[in-house]
>>> print(open('coords.cif').read())   # mmCIF, C-alpha atoms
data_structure
loop_
_atom_site.label_atom_id
_atom_site.label_comp_id
_atom_site.auth_asym_id
_atom_site.auth_seq_id
_atom_site.Cartn_x
_atom_site.Cartn_y
_atom_site.Cartn_z
CA MET A 499 0.00 0.00 0.00
CA ASN A 500 1.30 3.43 -0.92
CA THR A 501 2.20 5.61 2.08
CA GLU A 502 0.17 8.56 0.83
CA THR A 503 -3.03 6.52 0.68
CA ASP A 504 -2.38 4.52 3.86
CA PRO A 505 -5.19 5.51 6.27
CA ARG A 506 -2.75 5.31 9.22
CA PHE A 507 -0.47 7.81 7.51
CA GLN A 508 -3.40 10.06 6.70
CA ARG A 509 -4.54 10.03 10.33
CA SER A 510 -1.09 10.86 11.66
CA GLN A 511 -0.58 13.51 8.96
CA GLN A 512 -3.83 15.17 10.04
CA ALA A 513 -2.85 14.99 13.72
CA ILE A 514 0.57 16.48 12.94
CA LEU A 515 -0.86 19.41 10.96
CA THR A 516 -3.45 20.12 13.65
CA ALA A 517 -0.75 20.05 16.33
CA ALA A 518 1.54 22.32 14.28
CA ARG A 519 -1.26 24.82 13.72
CA GLU A 520 -2.25 24.81 17.42
CA LEU A 521 1.35 25.36 18.50
CA LEU A 522 1.74 28.25 16.04
CA LEU A 523 -1.40 29.95 17.35
CA GLU A 524 -0.76 29.30 21.05
CA LYS A 525 3.00 29.77 21.30
CA GLY A 526 4.21 31.28 18.04
CA PRO A 527 6.41 30.01 15.21
CA VAL A 528 9.37 29.08 17.46
CA ALA A 529 7.19 26.44 19.12
CA VAL A 530 6.62 24.59 15.84
CA THR A 531 9.43 22.05 16.36
CA HIS A 532 9.53 18.31 15.62
CA VAL A 533 9.67 17.49 19.33
CA GLN A 534 6.68 19.61 20.36
CA VAL A 535 4.59 18.70 17.32
CA ALA A 536 5.20 14.95 17.82
CA GLU A 537 4.34 15.18 21.50
CA ARG A 538 1.09 17.08 20.96
CA ALA A 539 0.05 14.96 17.96
CA GLY A 540 0.74 11.77 19.90
CA VAL A 541 2.95 10.33 17.16
CA GLY A 542 6.59 9.30 17.11
CA ARG A 543 9.16 11.97 16.36
CA ALA A 544 10.45 9.87 13.45
CA THR A 545 7.04 10.07 11.78
CA VAL A 546 7.18 13.86 11.83
CA TYR A 547 10.76 13.92 10.52
CA ARG A 548 9.96 11.44 7.76
CA HIS A 549 7.35 13.65 6.16
CA TRP A 550 8.65 17.11 7.11
CA PRO A 551 12.41 16.80 7.43
CA ARG A 552 12.87 20.51 8.17
CA THR A 553 11.24 22.78 10.76
CA ASP A 554 10.50 25.46 8.16
CA GLN A 555 8.48 22.93 6.13
CA LEU A 556 6.43 22.07 9.20
CA LEU A 557 5.78 25.76 9.89
CA ALA A 558 4.87 26.45 6.26
CA GLU A 559 2.34 23.59 6.33
CA ALA A 560 0.83 24.86 9.58
CA MET A 561 0.49 28.34 8.08
CA ALA A 562 -1.09 26.94 4.92
CA THR A 563 -3.98 25.55 7.01
CA VAL A 564 -5.11 29.14 7.70
CA ARG A 565 -7.03 30.74 4.85
CA MET A 566 -5.59 34.20 4.28
CA PRO A 567 -7.81 37.13 3.35
CA LEU A 568 -7.73 37.96 -0.34
CA LEU A 569 -10.25 39.93 -2.36
CA ASP A 570 -13.28 38.46 -4.10
CA ASN A 571 -13.93 39.19 -7.77
CA PRO A 572 -14.93 42.82 -8.24
CA THR A 573 -18.55 43.78 -8.68
CA VAL A 574 -20.11 47.12 -9.66
CA PRO A 575 -20.52 49.65 -8.07
CA THR A 576 -16.82 49.41 -7.22
CA ARG A 577 -17.11 51.59 -4.14
CA GLN A 578 -19.55 49.16 -2.49
CA TRP A 579 -17.35 46.21 -3.49
CA LEU A 580 -14.36 47.92 -1.92
CA THR A 581 -16.24 48.68 1.31
CA ARG A 582 -17.40 45.07 1.53
CA GLU A 583 -14.00 43.54 0.77
CA LEU A 584 -11.96 45.84 3.03
CA THR A 585 -14.44 45.26 5.86
CA ALA A 586 -14.09 41.49 5.36
CA LEU A 587 -10.30 41.86 5.36
CA ALA A 588 -10.41 43.90 8.58
CA ARG A 589 -12.66 41.32 10.28
CA GLN A 590 -10.31 38.49 9.20
CA LEU A 591 -7.30 40.39 10.57
CA ASP A 592 -9.19 40.58 13.89
CA LEU A 593 -8.89 36.79 14.08
CA ASP A 594 -5.90 35.51 16.03
CA ASP A 595 -5.04 32.84 13.45
CA VAL A 596 -5.02 35.20 10.45
CA ARG A 597 -2.98 37.78 12.36
CA ALA A 598 -0.58 35.07 13.53
CA VAL A 599 0.04 33.91 9.97
CA ALA A 600 0.37 37.49 8.65
CA VAL A 601 2.99 38.53 11.21
CA THR A 602 4.83 35.21 10.88
CA LEU A 603 4.97 35.67 7.10
CA ALA A 604 6.36 39.20 7.45
CA GLY A 605 8.62 38.14 10.32
CA THR A 606 10.27 35.22 8.51
CA ALA A 607 10.33 36.42 4.86
CA PRO A 608 13.56 38.47 5.14
CA TRP A 609 15.49 35.30 6.07
CA ASP A 610 13.60 32.42 4.45
CA GLU A 611 13.29 32.02 0.69
CA GLN A 612 10.13 29.94 0.79
CA MET A 613 8.36 32.33 3.19
CA ASN A 614 9.54 35.25 1.09
CA ALA A 615 7.97 33.68 -2.01
CA ARG A 616 4.68 33.30 -0.12
CA ARG A 617 4.85 36.89 1.11
CA ALA A 618 5.51 38.14 -2.44
CA GLN A 619 2.64 36.09 -3.82
CA PHE A 620 0.24 37.32 -1.13
CA ALA A 621 1.24 40.97 -1.72
CA LYS A 622 0.99 40.56 -5.50
CA ILE A 623 -2.49 39.02 -5.47
CA LEU A 624 -3.85 41.84 -3.29
CA ALA A 625 -2.12 44.58 -5.30
CA ASP A 626 -3.14 43.10 -8.68
CA ARG A 627 -6.78 42.62 -7.73
CA LEU A 628 -7.11 46.10 -6.25
CA ALA A 629 -5.27 47.77 -9.14
CA ASP A 630 -7.36 45.95 -11.76
CA ALA A 631 -10.63 46.79 -10.02
CA LEU A 632 -9.71 50.46 -9.63
CA ASP A 633 -8.46 50.81 -13.20
CA ALA A 634 -11.70 49.27 -14.48
CA ALA A 635 -13.72 51.60 -12.23
CA GLN A 636 -11.85 54.59 -13.64
CA THR A 637 -12.49 53.39 -17.21
CA ARG A 638 -16.20 53.13 -16.41
CA GLY A 639 -16.15 56.68 -15.03
CA GLU A 640 -16.90 55.66 -11.42
CA LEU A 641 -13.74 57.25 -10.08
CA ARG A 642 -10.79 59.48 -10.89
CA LEU A 643 -7.71 57.90 -9.28
CA SER A 644 -5.56 60.27 -7.25
CA LEU A 645 -2.44 58.11 -7.61
CA PRO A 646 -1.21 55.07 -9.57
CA SER A 647 -3.55 52.14 -9.02
CA ARG A 648 -0.54 50.02 -7.96
CA ASP A 649 -0.29 52.24 -4.87
CA ALA A 650 -3.86 51.47 -3.91
CA ALA A 651 -3.02 48.21 -2.12
CA ALA A 652 -0.59 49.91 0.25
CA LEU A 653 -2.96 52.83 0.71
CA ALA A 654 -6.14 50.82 1.29
CA ILE A 655 -4.80 47.73 3.05
CA GLY A 656 -1.83 49.31 4.87
CA PRO A 657 -3.86 51.14 7.56
CA ILE A 658 -5.98 48.06 8.29
CA TYR A 659 -2.88 45.87 8.46
CA TYR A 660 -0.98 48.34 10.69
CA ARG A 661 -3.94 48.72 13.03
CA SER A 662 -4.15 44.94 13.46
CA THR A 663 -0.49 43.94 13.62
CA ILE A 664 1.14 46.97 15.30
CA GLU A 665 -1.70 48.70 17.17
CA HIS A 666 -3.41 45.35 18.01
CA ALA A 667 -6.78 46.94 17.46
CA SER A 668 -9.59 46.70 14.98
CA ALA A 669 -10.17 48.84 11.88
CA ASP A 670 -13.65 50.34 12.18
CA ALA A 671 -16.02 51.66 9.51
CA ALA A 672 -14.64 55.23 9.75
CA LEU A 673 -11.08 54.08 9.04
CA ILE A 674 -12.24 51.90 6.14
CA GLU A 675 -14.28 54.78 4.72
CA ALA A 676 -11.20 57.05 4.98
CA VAL A 677 -8.96 54.70 2.99
CA ILE A 678 -11.62 54.34 0.28
CA THR A 679 -11.87 58.11 0.03
CA VAL A 680 -8.14 58.54 -0.46
CA VAL A 681 -7.73 56.33 -3.53
CA GLY A 682 -9.44 58.91 -5.69
CA THR A 683 -12.46 61.11 -6.34
CA TRP A 684 -15.58 58.97 -6.51
CA VAL A 685 -18.23 60.14 -8.96
CA ASP A 686 -21.66 59.65 -7.40
CA MET B 17 35.99 45.10 41.29
CA ASN B 18 32.30 45.22 40.40
CA THR B 19 31.38 43.09 37.40
CA GLU B 20 29.54 45.91 35.68
CA THR B 21 32.58 48.18 35.71
CA ASP B 22 35.08 45.41 34.94
CA PRO B 23 36.60 46.35 31.55
CA ARG B 24 36.79 42.64 30.59
CA PHE B 25 33.06 42.31 31.19
CA GLN B 26 32.37 45.47 29.24
CA ARG B 27 34.37 44.18 26.28
CA SER B 28 32.61 40.83 26.21
CA GLN B 29 29.25 42.49 26.72
CA GLN B 30 29.90 44.68 23.69
CA ALA B 31 31.04 41.68 21.62
CA ILE B 32 27.93 39.73 22.65
CA LEU B 33 25.53 42.53 21.70
CA THR B 34 27.27 43.09 18.37
CA ALA B 35 27.10 39.36 17.63
CA ALA B 36 23.42 39.17 18.61
CA ARG B 37 22.58 42.13 16.38
CA GLU B 38 24.51 40.71 13.42
CA LEU B 39 22.81 37.33 13.78
CA LEU B 40 19.38 38.99 13.93
CA LEU B 41 20.04 40.95 10.76
CA GLU B 42 21.71 38.14 8.82
CA LYS B 43 19.67 35.12 9.85
CA GLY B 44 16.62 36.36 11.72
CA PRO B 45 15.43 36.12 15.34
CA VAL B 46 15.66 32.30 15.50
CA ALA B 47 19.43 32.57 15.04
CA VAL B 48 19.85 34.65 18.21
CA THR B 49 20.72 31.70 20.47
CA HIS B 50 23.31 31.43 23.25
CA VAL B 51 25.35 28.95 21.20
CA GLN B 52 25.52 31.06 18.04
CA VAL B 53 26.03 34.35 19.87
CA ALA B 54 28.87 32.91 22.00
CA GLU B 55 30.56 31.43 18.94
CA ARG B 56 30.41 34.62 16.91
CA ALA B 57 31.37 36.88 19.83
CA GLY B 58 34.31 34.62 20.66
CA VAL B 59 33.30 34.29 24.31
CA GLY B 60 32.35 31.28 26.40
CA ARG B 61 28.75 30.19 26.36
CA ALA B 62 28.60 30.55 30.16
CA THR B 63 29.41 34.27 29.85
CA VAL B 64 26.40 34.78 27.61
CA TYR B 65 24.12 32.76 29.92
CA ARG B 66 25.35 34.62 33.00
CA HIS B 67 24.22 38.01 31.75
CA TRP B 68 21.27 37.00 29.55
CA PRO B 69 19.86 33.79 31.02
CA ARG B 70 17.02 33.62 28.48
CA THR B 71 17.06 33.73 24.67
CA ASP B 72 14.27 36.32 24.59
CA GLN B 73 16.40 38.69 26.71
CA LEU B 74 19.27 38.32 24.26
CA LEU B 75 16.96 39.05 21.32
CA ALA B 76 15.40 42.04 23.08
CA GLU B 77 18.89 43.50 23.72
CA ALA B 78 19.88 42.97 20.10
CA MET B 79 16.72 44.72 18.94
CA ALA B 80 17.31 47.60 21.35
CA THR B 81 20.62 48.39 19.57
CA VAL B 82 18.60 49.48 16.49
CA ARG B 83 17.10 52.95 16.79
CA MET B 84 13.48 52.76 15.71
CA PRO B 85 11.88 55.57 13.71
CA LEU B 86 9.74 57.85 15.85
CA LEU B 87 8.58 61.36 15.07
CA ASP B 88 10.47 64.51 15.96
CA ASN B 89 8.76 67.33 17.82
CA PRO B 90 6.20 69.04 15.59
CA THR B 91 7.00 72.31 13.88
CA VAL B 92 4.74 74.69 11.98
CA PRO B 93 3.59 74.51 9.20
CA THR B 94 2.34 71.06 10.22
CA ARG B 95 1.99 69.82 6.64
CA GLN B 96 5.72 70.33 5.98
CA TRP B 97 6.57 68.69 9.30
CA LEU B 98 4.43 65.69 8.38
CA THR B 99 6.02 65.39 4.92
CA ARG B 100 9.49 65.54 6.46
CA GLU B 101 8.76 63.06 9.25
CA LEU B 102 6.90 60.52 7.12
CA THR B 103 9.66 60.69 4.51
CA ALA B 104 12.24 60.05 7.24
CA LEU B 105 10.16 57.14 8.52
CA ALA B 106 9.88 55.67 5.01
CA ARG B 107 13.65 55.96 4.47
CA GLN B 108 14.32 54.28 7.82
CA LEU B 109 11.96 51.43 6.95
CA ASP B 110 14.02 50.98 3.75
CA LEU B 111 16.92 49.96 5.99
CA ASP B 112 17.29 46.23 6.59
CA ASP B 113 17.94 46.63 10.31
CA VAL B 114 14.89 48.81 11.02
CA ARG B 115 12.66 46.53 8.95
CA ALA B 116 14.11 43.47 10.71
CA VAL B 117 13.30 44.91 14.13
CA ALA B 118 9.82 46.05 13.06
CA VAL B 119 8.78 42.65 11.69
CA THR B 120 10.38 40.84 14.63
CA LEU B 121 8.44 43.05 17.05
CA ALA B 122 5.15 42.36 15.25
CA GLY B 123 6.05 38.69 14.79
CA THR B 124 6.85 37.97 18.44
CA ALA B 125 4.43 40.30 20.30
CA PRO B 126 1.40 37.96 20.16
CA TRP B 127 3.34 35.34 22.18
CA ASP B 128 5.85 37.29 24.25
CA GLU B 129 4.80 39.70 26.99
CA GLN B 130 7.99 41.77 26.91
CA MET B 131 7.91 42.15 23.12
CA ASN B 132 4.22 42.97 23.32
CA ALA B 133 4.96 45.77 25.78
CA ARG B 134 7.58 47.17 23.37
CA ARG B 135 5.16 46.92 20.46
CA ALA B 136 2.46 48.73 22.44
CA GLN B 137 4.89 51.45 23.50
CA PHE B 138 6.14 51.95 19.94
CA ALA B 139 2.57 52.14 18.57
CA LYS B 140 1.49 54.52 21.35
CA ILE B 141 4.36 56.97 20.85
CA LEU B 142 3.68 57.22 17.12
CA ALA B 143 -0.10 57.54 17.59
CA ASP B 144 0.21 60.10 20.43
CA ARG B 145 2.69 62.31 18.58
CA LEU B 146 0.71 62.28 15.36
CA ALA B 147 -2.63 62.85 17.10
CA ASP B 148 -1.25 65.74 19.20
CA ALA B 149 0.34 67.42 16.18
CA LEU B 150 -2.81 67.09 14.08
CA ASP B 151 -5.12 68.30 16.87
CA ALA B 152 -2.86 71.34 17.38
CA ALA B 153 -2.83 71.99 13.63
CA GLN B 154 -6.63 71.89 13.57
CA THR B 155 -6.81 74.29 16.53
CA ARG B 156 -4.51 76.68 14.65
CA GLY B 157 -6.77 76.42 11.58
CA GLU B 158 -4.18 74.70 9.39
CA LEU B 159 -6.39 71.71 8.76
CA ARG B 160 -9.87 70.26 9.17
CA LEU B 161 -9.46 66.62 10.21
CA SER B 162 -11.54 64.13 8.25
CA LEU B 163 -11.48 61.52 11.02
CA PRO B 164 -10.47 61.18 14.69
CA SER B 165 -6.83 62.19 15.11
CA ARG B 166 -6.17 58.81 16.83
CA ASP B 167 -6.81 57.16 13.45
CA ALA B 168 -4.11 59.27 11.82
CA ALA B 169 -1.26 56.96 12.84
CA ALA B 170 -2.81 53.95 11.15
CA LEU B 171 -3.78 56.04 8.16
CA ALA B 172 -0.47 57.84 7.68
CA ILE B 173 2.03 55.20 8.81
CA GLY B 174 0.09 52.07 7.79
CA PRO B 175 0.69 52.37 4.02
CA ILE B 176 4.42 53.08 4.50
CA TYR B 177 4.71 50.16 6.91
CA TYR B 178 2.76 47.77 4.64
CA ARG B 179 4.81 48.75 1.61
CA SER B 180 8.03 48.03 3.49
CA THR B 181 7.15 44.88 5.40
CA ILE B 182 4.67 43.12 3.09
CA GLU B 183 5.40 44.54 -0.37
CA HIS B 184 9.17 44.80 0.34
CA ALA B 185 9.31 48.05 -1.56
CA SER B 186 9.85 51.69 -0.81
CA ALA B 187 7.22 54.36 -0.14
CA ASP B 188 7.81 57.17 -2.64
CA ALA B 189 6.84 60.87 -2.49
CA ALA B 190 3.49 60.27 -4.23
CA LEU B 191 2.41 57.69 -1.64
CA ILE B 192 3.52 59.94 1.23
CA GLU B 193 1.64 62.89 -0.30
CA ALA B 194 -1.47 60.71 -0.61
CA VAL B 195 -1.49 59.74 3.06
CA ILE B 196 -1.02 63.37 4.12
CA THR B 197 -3.97 64.38 1.95
CA VAL B 198 -6.27 61.79 3.52
CA VAL B 199 -5.94 62.92 7.15
CA GLY B 200 -8.01 66.02 6.43
CA THR B 201 -8.55 69.14 4.37
CA TRP B 202 -5.45 71.34 4.52
CA VAL B 203 -6.06 75.06 4.47
CA ASP B 204 -3.46 76.74 2.27
#
>>> encode(input="coords.cif", output="structure tokens")
Amino acid sequence: MNTETDPRFQRSQQAILTAARELLLEKGPVAVTHVQVAERAGVGRATVYRHWPRTDQLLAEAMATVRMPLLDNPTVPTRQWLTRELTALARQLDLDDVRAVAVTLAGTAPWDEQMNARRAQFAKILADRLADALDAAQTRGELRLSLPSRDAAALAIGPIYYRSTIEHASADAALIEAVITVVGTWVD
Amino acid sequence: MNTETDPRFQRSQQAILTAARELLLEKGPVAVTHVQVAERAGVGRATVYRHWPRTDQLLAEAMATVRMPLLDNPTVPTRQWLTRELTALARQLDLDDVRAVAVTLAGTAPWDEQMNARRAQFAKILADRLADALDAAQTRGELRLSLPSRDAAALAIGPIYYRSTIEHASADAALIEAVITVVGTWVD
């Protein structure tokens, strides 16, 4: 029987990923070690090593179990879409698991190639989706952009991200409204 | 002779802090261990343990050697002060050491009480100084704030911080001008 389809392997794999995720959320990335994961998952240390030889792989898998906030496909009117999506992003960044993964991504990327690739991909998806939606809105005459649409991600998401990860507080409707106002002049 | 004034202690203390800082910048916070610091500083492991019994103390000391960007005392006109200070903050966040400390602070605070206290202090200083300067500017009639001055830190610093730590890019003059515009209506 192939290891990947062996139900015993699948059970221990699930237990290992759950343990790794719990350790990340409760104690931070430094706690995601083979020893601690094996102990909490109730499996042998060798089993953890066999499938995730390196600690960074184990951490990356634990992080991948948390769905990160992205932006849904744009709808018209763009301003309402933006309000809805930025509010959803703010509420997700209120969650301990999303914030844990976000700060771990930013806090490991400068020194870890794999984490850096994930960070770059995450940043690119958000920037691309926002830029495309705002450019399309401008083409439709909904908005006159006040700066390059590529800056919109930093401008719209930055305050919500800073409030969550540095101020450890929640972005409210007034803050979200302010960032939407700054991307350009909305034509009512 | 008292240990603290012993020149041999002072030399090894300096070597230990330099080693800890170098390891943080080159390899990240996980590399700031007693073993690696002792090896690089060329001192015995026991010397490191004696003065910094815990790894988190060693990391905190290494981080404290990097001067974090704050805001200088406000000058009038406030708009020029804000442009100057946010530009300085953006240029400091371009530096690898400042960015390393910022992401390490955010990436350890959820699980470390001491780091969390530093994070809170850092966030509070920036928010207080910006809020005070903007409230004073409004009182002088330089500006009509478009949202509570306490939101100004997230709004003005958030995009610069996000661009540096998530987008790994540099906040340019156009982005800085945009965040200054959003805090309120400036009276020319």
>>> resolve_selection(input="coords.cif", expression="the PyMOL selection byres ((chain A and resi 532) around 12)", output="ChimeraX atom specification")
/A:514-515,517-518,521,528-531,533-557
>>> resolve_selection(input="coords.cif", expression="the PyMOL selection byres ((chain A) within 8 of (chain B))", output="PyMOL selection string")
chain A and resi 524-526+528+598+601-602+604-606+608-609+617-618+621-622+644-645+649+652-661+663-665+672-673+676-677+679-680
>>> atom_distance(input="coords.cif", atom1="CA of Asp88 in chain B", atom2="CA of Ala133 in chain B")
21.9 Å
>>> closest_residue(input="coords.cif", among="B:Ala31, B:Ala189, B:Leu146, B:Leu159", to="Leu98 in chain B", atoms="only C-alpha atoms")
B:Leu146
>>> atom_distance(input="coords.cif", atom1="CA of Glu520 in chain A", atom2="CA of Arg506 in chain A")
21.2 Å
>>> atom_distance(input="coords.cif", atom1="CA of Ala629 in chain A", atom2="CA of Arg642 in chain A")
13.1 Å
>>> resolve_selection(input="coords.cif", expression="the PyMOL selection byres ((chain B and resi 101) around 12)", output="PDB file with C-alpha atoms, in the coordinates of the input")
ATOM      1  CA  PRO B  85      11.880  55.570  13.710  1.00  0.00           C
ATOM      2  CA  LEU B  86       9.740  57.850  15.850  1.00  0.00           C
ATOM      3  CA  LEU B  87       8.580  61.360  15.070  1.00  0.00           C
ATOM      4  CA  ASP B  88      10.470  64.510  15.960  1.00  0.00           C
ATOM      5  CA  ASN B  89       8.760  67.330  17.820  1.00  0.00           C
ATOM      6  CA  PRO B  90       6.200  69.040  15.590  1.00  0.00           C
ATOM      7  CA  THR B  91       7.000  72.310  13.880  1.00  0.00           C
ATOM      8  CA  THR B  94       2.340  71.060  10.220  1.00  0.00           C
ATOM      9  CA  ARG B  95       1.990  69.820   6.640  1.00  0.00           C
ATOM     10  CA  GLN B  96       5.720  70.330   5.980  1.00  0.00           C
ATOM     11  CA  TRP B  97       6.570  68.690   9.300  1.00  0.00           C
ATOM     12  CA  LEU B  98       4.430  65.690   8.380  1.00  0.00           C
ATOM     13  CA  THR B  99       6.020  65.390   4.920  1.00  0.00           C
ATOM     14  CA  ARG B 100       9.490  65.540   6.460  1.00  0.00           C
ATOM     15  CA  LEU B 102       6.900  60.520   7.120  1.00  0.00           C
ATOM     16  CA  THR B 103       9.660  60.690   4.510  1.00  0.00           C
ATOM     17  CA  ALA B 104      12.240  60.050   7.240  1.00  0.00           C
ATOM     18  CA  LEU B 105      10.160  57.140   8.520  1.00  0.00           C
ATOM     19  CA  ALA B 106       9.880  55.670   5.010  1.00  0.00           C
ATOM     20  CA  ARG B 107      13.650  55.960   4.470  1.00  0.00           C
ATOM     21  CA  GLN B 108      14.320  54.280   7.820  1.00  0.00           C
ATOM     22  CA  LEU B 142       3.680  57.220  17.120  1.00  0.00           C
ATOM     23  CA  ARG B 145       2.690  62.310  18.580  1.00  0.00           C
ATOM     24  CA  LEU B 146       0.710  62.280  15.360  1.00  0.00           C
ATOM     25  CA  ALA B 149       0.340  67.420  16.180  1.00  0.00           C
ATOM     26  CA  ALA B 172      -0.470  57.840   7.680  1.00  0.00           C
ATOM     27  CA  ILE B 173       2.030  55.200   8.810  1.00  0.00           C
ATOM     28  CA  ILE B 176       4.420  53.080   4.500  1.00  0.00           C
ATOM     29  CA  ILE B 192       3.520  59.940   1.230  1.00  0.00           C
ATOM     30  CA  GLU B 193       1.640  62.890  -0.300  1.00  0.00           C
ATOM     31  CA  ILE B 196      -1.020  63.370   4.120  1.00  0.00           C
TER      32      ILE B 196
END
>>> residues_near_point(input="coords.cif", point="(-22.3, 52.2, -12.5)", cutoff="10 Å", atoms="all atoms listed in the file", output="ChimeraX atom specification")
/A:573-577,635,638-640,685-686
>>> closest_residue(input="coords.cif", among="A:Asp626, A:Thr637, A:Glu611, A:Arg519", to="Val596 in chain A", atoms="all atoms listed in the file")
A:Arg519
>>> decode(input="coords.cif", residues="range 506-551 of chain A", atoms="C-alpha atoms", output="short mmCIF file (atom, residue, chain, number, x, y, z; two decimals), in the first residue's frame")
data_model
loop_
_atom_site.label_atom_id
_atom_site.label_comp_id
_atom_site.auth_asym_id
_atom_site.auth_seq_id
_atom_site.Cartn_x
_atom_site.Cartn_y
_atom_site.Cartn_z
CA ARG A 506 -2.75 5.31 9.22
CA PHE A 507 -0.47 7.81 7.51
CA GLN A 508 -3.40 10.06 6.70
CA ARG A 509 -4.54 10.03 10.33
CA SER A 510 -1.09 10.86 11.66
CA GLN A 511 -0.58 13.51 8.96
CA GLN A 512 -3.83 15.17 10.04
CA ALA A 513 -2.85 14.99 13.72
CA ILE A 514 0.57 16.48 12.94
CA LEU A 515 -0.86 19.41 10.96
CA THR A 516 -3.45 20.12 13.65
CA ALA A 517 -0.75 20.05 16.33
CA ALA A 518 1.54 22.32 14.28
CA ARG A 519 -1.26 24.82 13.72
CA GLU A 520 -2.25 24.81 17.42
CA LEU A 521 1.35 25.36 18.50
CA LEU A 522 1.74 28.25 16.04
CA LEU A 523 -1.40 29.95 17.35
CA GLU A 524 -0.76 29.30 21.05
CA LYS A 525 3.00 29.77 21.30
CA GLY A 526 4.21 31.28 18.04
CA PRO A 527 6.41 30.01 15.21
CA VAL A 528 9.37 29.08 17.46
CA ALA A 529 7.19 26.44 19.12
CA VAL A 530 6.62 24.59 15.84
CA THR A 531 9.43 22.05 16.36
CA HIS A 532 9.53 18.31 15.62
CA VAL A 533 9.67 17.49 19.33
CA GLN A 534 6.68 19.61 20.36
CA VAL A 535 4.59 18.70 17.32
CA ALA A 536 5.20 14.95 17.82
CA GLU A 537 4.34 15.18 21.50
CA ARG A 538 1.09 17.08 20.96
CA ALA A 539 0.05 14.96 17.96
CA GLY A 540 0.74 11.77 19.90
CA VAL A 541 2.95 10.33 17.16
CA GLY A 542 6.59 9.30 17.11
CA ARG A 543 9.16 11.97 16.36
CA ALA A 544 10.45 9.87 13.45
CA THR A 545 7.04 10.07 11.78
CA VAL A 546 7.18 13.86 11.83
CA TYR A 547 10.76 13.92 10.52
CA ARG A 548 9.96 11.44 7.76
CA HIS A 549 7.35 13.65 6.16
CA TRP A 550 8.65 17.11 7.11
CA PRO A 551 12.41 16.80 7.43
#
